[in-house]
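Below: one structure, written as structure tokens.
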Amino acid sequence: MSQLPISPSHLEQLRLQLKESLSLDLDDYSLAEQRSGEFNSTFLGVQLNSAFQPIYDAVAGELFGHEALLRPSLGGELASTPDFAFTYAEQADKLVQFDRVSRTLHVLNFKQIYAENGLLFLNVHPKLLVNVNTHGKVFERILHAHSVPTERVVIEIAEGLVEQEKQLIDAVNNYRDRGYKIAIDHFGSKHSHIERLWKFSPDFVKFDRSLIQQAEDNLRLQAVLPGLTKVVQDIGAKAVITGIETQAQLNIAIESNATLLQGYFLGKPANAKELQSARRFNALLQPDESLNKAA
């Protein structure tokens, strides 16, 4: 259930709190509340909005959590990409602040709509994993200020983009010591290091979207997927099949024995107000009755 709009004075208080916690220059940063009750930010001239894509539990038939995705735009009209926005911030020597602002925006919007339910999956820019020493400490203050425990936050790490393994292990341990859960992202891509699964002991392993999409037309890959899922489960983690875009891919994902599923076929990224309930997901799991009658 959404909350009532906050007062201008409260909004300014929140803005100043974020300035102090995130070490922001208020000339670079602004925070605004929309009519929907959600927030957007402007940082370095780039308007930032949140989108959330659902992750479902196929066994329980329930919503498990959401991955937060950044939707940047220039002037609020010209849509851009997260890669462009982060590159722009890096060139301005504000990458750390930009990453923290983005994650804070997601927390504010997630908190507005889902005060008590589900996990929030957040991406962290790979360069911050090796260039920041106090991983999760600053962000933890933001979470606590808004009554979101770190145990509800999953830090997604694209480990294949980071070569410095020692720093990466230190980052994972720092996050875990503060209560965050860890997800290895893009597992199965050409940059993945399978041995890092048991070195990092993640809570979740998100398969690269290319795996399920290629498996639709590749019987050998279909046969391999259950084995990959078992490897993940054997290290004590949960496999997440991402990139599901068709009914056939959903069927293959379920047959792979992965319990957590994500993709456009199940739910497109949307602002928090537009997110759908788990009822649609349950309908996709039901057999087509018309086909049964025809048989």
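Residues in the structure tokens are named by chain (A, B, ... in the order shown) and by number from 1 within that chain; ligands are numbered from 1 in the order shown.
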Non-local contacts of Asp208 in chain A (7 Å; only C-alpha atoms; under 2 positions in same chain excluded) as a PDB file with C-alpha atoms, in the first residue's frame:
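What follows is the written file result14.pdb:
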ATOM      1  CA  HIS A 186      25.562 -13.051 -15.230  1.00  0.00           C
ATOM      2  CA  PHE A 187      26.748 -16.550 -14.348  1.00  0.00           C
ATOM      3  CA  GLY A 188      27.357 -18.528 -17.519  1.00  0.00           C
ATOM      4  CA  SER A 189      28.474 -15.556 -19.607  1.00  0.00           C
ATOM      5  CA  LYS A 206      21.713 -15.430 -11.362  1.00  0.00           C
ATOM      6  CA  SER A 210      21.710 -15.837 -22.786  1.00  0.00           C
ATOM      7  CA  LEU A 211      21.539 -19.341 -21.277  1.00  0.00           C
ATOM      8  CA  THR A 242      16.810 -14.706 -15.835  1.00  0.00           C
TER       9      THR A 242
END
Self-check item: Backbone-only DSSP, strand (DSSP E or B) members of range 74-250 of chain A, as a list in words
Solution: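 Answer for range 74-250 of chain A restricted to strand (DSSP E or B) is Leu74, Leu78, Ala79, Leu119, Leu120, Phe121, Leu122, Asn123, Val153, Val154, Ile155, Glu156, Ile157, Lys181, Ile182, Ala183, Ile184, Asp185, His186, Phe187, Phe204, Val205, Lys206, Phe207, Lys238, Ala239, Val240 and Ile241 of chain A.
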Write out the residues from the selection above, keeping C-alpha atoms, as a PDB file, in the first residue's frame.
ATOM      1  CA  LEU A  74      18.193  13.832 -19.909  1.00  0.00           C
ATOM      2  CA  LEU A  78      15.299  11.994 -23.606  1.00  0.00           C
ATOM      3  CA  ALA A  79      15.693   8.417 -22.341  1.00  0.00           C
ATOM      4  CA  LEU A 119      13.872  -8.904  -1.086  1.00  0.00           C
ATOM      5  CA  LEU A 120      15.379  -6.013  -2.991  1.00  0.00           C
ATOM      6  CA  PHE A 121      18.112  -6.974  -5.490  1.00  0.00           C
ATOM      7  CA  LEU A 122      20.527  -4.092  -6.128  1.00  0.00           C
ATOM      8  CA  ASN A 123      23.380  -3.873  -8.614  1.00  0.00           C
ATOM      9  CA  VAL A 153      18.883  -6.364   0.448  1.00  0.00           C
ATOM     10  CA  VAL A 154      20.701  -8.554  -2.067  1.00  0.00           C
ATOM     11  CA  ILE A 155      23.878  -7.082  -3.555  1.00  0.00           C
ATOM     12  CA  GLU A 156      24.297  -8.254  -7.159  1.00  0.00           C
ATOM     13  CA  ILE A 157      27.915  -8.628  -8.233  1.00  0.00           C
ATOM     14  CA  LYS A 181      22.855 -11.128   0.977  1.00  0.00           C
ATOM     15  CA  ILE A 182      25.081 -11.738  -2.057  1.00  0.00           C
ATOM     16  CA  ALA A 183      24.146 -12.684  -5.621  1.00  0.00           C
ATOM     17  CA  ILE A 184      26.577 -13.574  -8.382  1.00  0.00           C
ATOM     18  CA  ASP A 185      25.190 -12.008 -11.570  1.00  0.00           C
ATOM     19  CA  HIS A 186      25.562 -13.051 -15.230  1.00  0.00           C
ATOM     20  CA  PHE A 187      26.748 -16.550 -14.348  1.00  0.00           C
ATOM     21  CA  PHE A 204      22.005 -16.511  -5.062  1.00  0.00           C
ATOM     22  CA  VAL A 205      23.456 -17.208  -8.498  1.00  0.00           C
ATOM     23  CA  LYS A 206      21.713 -15.430 -11.362  1.00  0.00           C
ATOM     24  CA  PHE A 207      22.205 -17.227 -14.666  1.00  0.00           C
ATOM     25  CA  LYS A 238      19.619 -20.570  -4.980  1.00  0.00           C
ATOM     26  CA  ALA A 239      19.695 -20.438  -8.777  1.00  0.00           C
ATOM     27  CA  VAL A 240      17.824 -17.632 -10.514  1.00  0.00           C
ATOM     28  CA  ILE A 241      16.960 -18.146 -14.188  1.00  0.00           C
TER      29      ILE A 241
END
Quiz item: Using only C-alpha atoms, which residues sit within 9 Å of Leu275 in chain A once same-chain residues fewer than 5 positions away are excluded, as a PyMOL selection string?
Solution: chain A and resi 52-54+267-270
Name the residues of range 18-225 of chain A that come out as helix (DSSP H, G or I) in a backbone DSSP run; write them as a PDB file with C-alpha atoms, in the first residue's frame.
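Okay, states36.pdb is ready:
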ATOM      1  CA  LEU A  18      21.005  12.131   2.073  1.00  0.00           C
ATOM      2  CA  LYS A  19      23.507  14.949   1.505  1.00  0.00           C
ATOM      3  CA  GLU A  20      25.129  14.204   4.846  1.00  0.00           C
ATOM      4  CA  SER A  21      25.047  10.409   4.512  1.00  0.00           C
ATOM      5  CA  LEU A  22      26.196  10.285   0.883  1.00  0.00           C
ATOM      6  CA  PRO A  82      22.390   3.117 -17.203  1.00  0.00           C
ATOM      7  CA  ASP A  83      25.745   2.451 -18.911  1.00  0.00           C
ATOM      8  CA  PHE A  84      25.788   5.950 -20.402  1.00  0.00           C
ATOM      9  CA  ALA A  85      24.778   7.529 -17.080  1.00  0.00           C
ATOM     10  CA  PHE A  86      27.447   5.700 -15.083  1.00  0.00           C
ATOM     11  CA  THR A  87      30.122   6.477 -17.683  1.00  0.00           C
ATOM     12  CA  TYR A  88      29.127  10.144 -17.545  1.00  0.00           C
ATOM     13  CA  ALA A  89      29.372  10.090 -13.727  1.00  0.00           C
ATOM     14  CA  GLU A  90      32.765   8.396 -13.888  1.00  0.00           C
ATOM     15  CA  GLN A  91      34.075  11.044 -16.287  1.00  0.00           C
ATOM     16  CA  LEU A  95      31.003   7.530  -9.769  1.00  0.00           C
ATOM     17  CA  VAL A  96      30.860   6.648  -6.058  1.00  0.00           C
ATOM     18  CA  GLN A  97      28.237   9.299  -5.322  1.00  0.00           C
ATOM     19  CA  PHE A  98      26.224   8.424  -8.436  1.00  0.00           C
ATOM     20  CA  ASP A  99      26.105   4.743  -7.519  1.00  0.00           C
ATOM     21  CA  ARG A 100      24.999   5.537  -3.960  1.00  0.00           C
ATOM     22  CA  VAL A 101      22.373   8.023  -5.139  1.00  0.00           C
ATOM     23  CA  SER A 102      20.955   5.404  -7.514  1.00  0.00           C
ATOM     24  CA  ARG A 103      20.714   2.709  -4.862  1.00  0.00           C
ATOM     25  CA  THR A 104      19.243   5.147  -2.338  1.00  0.00           C
ATOM     26  CA  LEU A 105      16.558   6.164  -4.833  1.00  0.00           C
ATOM     27  CA  HIS A 106      15.620   2.501  -5.282  1.00  0.00           C
ATOM     28  CA  VAL A 107      15.314   2.028  -1.519  1.00  0.00           C
ATOM     29  CA  LEU A 108      13.081   5.083  -1.143  1.00  0.00           C
ATOM     30  CA  ASN A 109      10.751   3.856  -3.873  1.00  0.00           C
ATOM     31  CA  PHE A 110      10.788   0.239  -2.731  1.00  0.00           C
ATOM     32  CA  LYS A 111       9.999   1.355   0.811  1.00  0.00           C
ATOM     33  CA  GLN A 112       7.066   3.466  -0.364  1.00  0.00           C
ATOM     34  CA  ILE A 113       5.250   0.530  -1.944  1.00  0.00           C
ATOM     35  CA  PRO A 126      32.024  -3.240 -10.546  1.00  0.00           C
ATOM     36  CA  LYS A 127      34.601  -0.483 -10.065  1.00  0.00           C
ATOM     37  CA  LEU A 128      33.219   0.342  -6.637  1.00  0.00           C
ATOM     38  CA  LEU A 129      33.856  -3.211  -5.492  1.00  0.00           C
ATOM     39  CA  VAL A 130      37.616  -2.711  -5.727  1.00  0.00           C
ATOM     40  CA  ASN A 131      37.915   1.048  -5.163  1.00  0.00           C
ATOM     41  CA  LYS A 137      28.685   1.040   5.490  1.00  0.00           C
ATOM     42  CA  VAL A 138      27.380   4.314   4.044  1.00  0.00           C
ATOM     43  CA  PHE A 139      24.426   2.606   2.398  1.00  0.00           C
ATOM     44  CA  GLU A 140      23.609   0.837   5.667  1.00  0.00           C
ATOM     45  CA  ARG A 141      22.909   4.215   7.285  1.00  0.00           C
ATOM     46  CA  ILE A 142      20.365   4.983   4.564  1.00  0.00           C
ATOM     47  CA  LEU A 143      18.682   1.608   5.028  1.00  0.00           C
ATOM     48  CA  HIS A 144      18.456   1.980   8.799  1.00  0.00           C
ATOM     49  CA  ALA A 145      17.091   5.517   8.487  1.00  0.00           C
ATOM     50  CA  THR A 150      20.247  -5.117   5.387  1.00  0.00           C
ATOM     51  CA  GLU A 151      18.956  -8.716   5.437  1.00  0.00           C
ATOM     52  CA  ARG A 152      16.302  -7.694   2.910  1.00  0.00           C
ATOM     53  CA  GLU A 159      32.109 -10.900 -10.838  1.00  0.00           C
ATOM     54  CA  GLY A 160      33.162 -11.565 -14.432  1.00  0.00           C
ATOM     55  CA  LEU A 161      33.901  -7.846 -14.864  1.00  0.00           C
ATOM     56  CA  GLU A 165      39.961 -11.404  -6.946  1.00  0.00           C
ATOM     57  CA  LYS A 166      41.333 -10.531  -3.510  1.00  0.00           C
ATOM     58  CA  GLN A 167      39.600  -7.144  -3.459  1.00  0.00           C
ATOM     59  CA  LEU A 168      36.432  -8.786  -4.719  1.00  0.00           C
ATOM     60  CA  ILE A 169      36.491 -11.377  -1.938  1.00  0.00           C
ATOM     61  CA  ASP A 170      37.082  -8.590   0.607  1.00  0.00           C
ATOM     62  CA  ALA A 171      34.092  -6.689  -0.793  1.00  0.00           C
ATOM     63  CA  VAL A 172      31.841  -9.755  -0.599  1.00  0.00           C
ATOM     64  CA  ASN A 173      32.917 -10.423   2.993  1.00  0.00           C
ATOM     65  CA  ASN A 174      32.373  -6.782   3.987  1.00  0.00           C
ATOM     66  CA  TYR A 175      28.842  -6.797   2.625  1.00  0.00           C
ATOM     67  CA  ARG A 176      28.053 -10.154   4.215  1.00  0.00           C
ATOM     68  CA  ASP A 177      29.417  -9.058   7.619  1.00  0.00           C
ATOM     69  CA  ARG A 196      34.373 -18.209  -7.756  1.00  0.00           C
ATOM     70  CA  LEU A 197      31.107 -19.890  -6.795  1.00  0.00           C
ATOM     71  CA  TRP A 198      32.712 -21.774  -3.931  1.00  0.00           C
ATOM     72  CA  LYS A 199      35.174 -18.975  -3.160  1.00  0.00           C
ATOM     73  CA  PHE A 200      32.399 -16.418  -2.644  1.00  0.00           C
ATOM     74  CA  ARG A 209      19.973 -14.344 -19.753  1.00  0.00           C
ATOM     75  CA  SER A 210      21.710 -15.837 -22.786  1.00  0.00           C
ATOM     76  CA  LEU A 211      21.539 -19.341 -21.277  1.00  0.00           C
ATOM     77  CA  ILE A 212      17.750 -19.696 -21.220  1.00  0.00           C
ATOM     78  CA  GLN A 213      17.368 -17.953 -24.567  1.00  0.00           C
ATOM     79  CA  GLN A 214      19.859 -20.243 -26.278  1.00  0.00           C
ATOM     80  CA  ALA A 215      18.409 -23.285 -24.529  1.00  0.00           C
ATOM     81  CA  LEU A 219      18.692 -29.497 -26.735  1.00  0.00           C
ATOM     82  CA  ARG A 220      22.203 -30.010 -25.375  1.00  0.00           C
ATOM     83  CA  LEU A 221      22.015 -26.819 -23.350  1.00  0.00           C
ATOM     84  CA  GLN A 222      18.564 -27.837 -22.118  1.00  0.00           C
ATOM     85  CA  ALA A 223      20.128 -31.061 -20.848  1.00  0.00           C
ATOM     86  CA  VAL A 224      22.961 -29.169 -19.141  1.00  0.00           C
ATOM     87  CA  LEU A 225      20.836 -26.606 -17.268  1.00  0.00           C
TER      88      LEU A 225
END
Quiz prompt | Polymer residues at most 9 Å from Ala51 in chain A, only C-alpha atoms, same-chain spacing of 4 or more positions, as a PyMOL selection string | solution = chain A and resi 67-71+106+269-272
Please save N, CA and C atoms of the selected residues as a short mmCIF file (atom, residue, chain, number, x, y, z; two decimals), in the first residue's frame.
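After the write, result_28.cif holds the following:
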data_model
loop_
_atom_site.label_atom_id
_atom_site.label_comp_id
_atom_site.auth_asym_id
_atom_site.auth_seq_id
_atom_site.Cartn_x
_atom_site.Cartn_y
_atom_site.Cartn_z
N GLU A 67 14.23 -6.94 -8.62
CA GLU A 67 15.50 -6.32 -8.98
C GLU A 67 15.22 -4.87 -9.34
N ALA A 68 15.97 -3.96 -8.72
CA ALA A 68 15.82 -2.54 -9.01
C ALA A 68 16.71 -2.18 -10.20
N LEU A 69 16.13 -1.43 -11.12
CA LEU A 69 16.83 -1.04 -12.34
C LEU A 69 16.75 0.48 -12.49
N LEU A 70 17.82 1.07 -12.95
CA LEU A 70 17.88 2.51 -13.11
C LEU A 70 17.33 2.92 -14.47
N ARG A 71 16.50 3.97 -14.47
CA ARG A 71 15.96 4.52 -15.71
C ARG A 71 16.34 5.99 -15.80
N HIS A 106 16.36 3.77 -5.22
CA HIS A 106 15.62 2.50 -5.28
C HIS A 106 15.03 2.13 -3.91
N PRO A 269 10.04 -4.70 -16.27
CA PRO A 269 10.37 -3.67 -15.29
C PRO A 269 9.33 -2.55 -15.33
N ALA A 270 8.92 -2.11 -14.16
CA ALA A 270 7.90 -1.06 -14.07
C ALA A 270 8.13 -0.27 -12.81
N ASN A 271 7.53 0.94 -12.77
CA ASN A 271 7.62 1.65 -11.51
C ASN A 271 6.77 0.92 -10.48
N ALA A 272 7.02 1.22 -9.23
CA ALA A 272 6.44 0.41 -8.15
C ALA A 272 4.92 0.41 -8.18
#
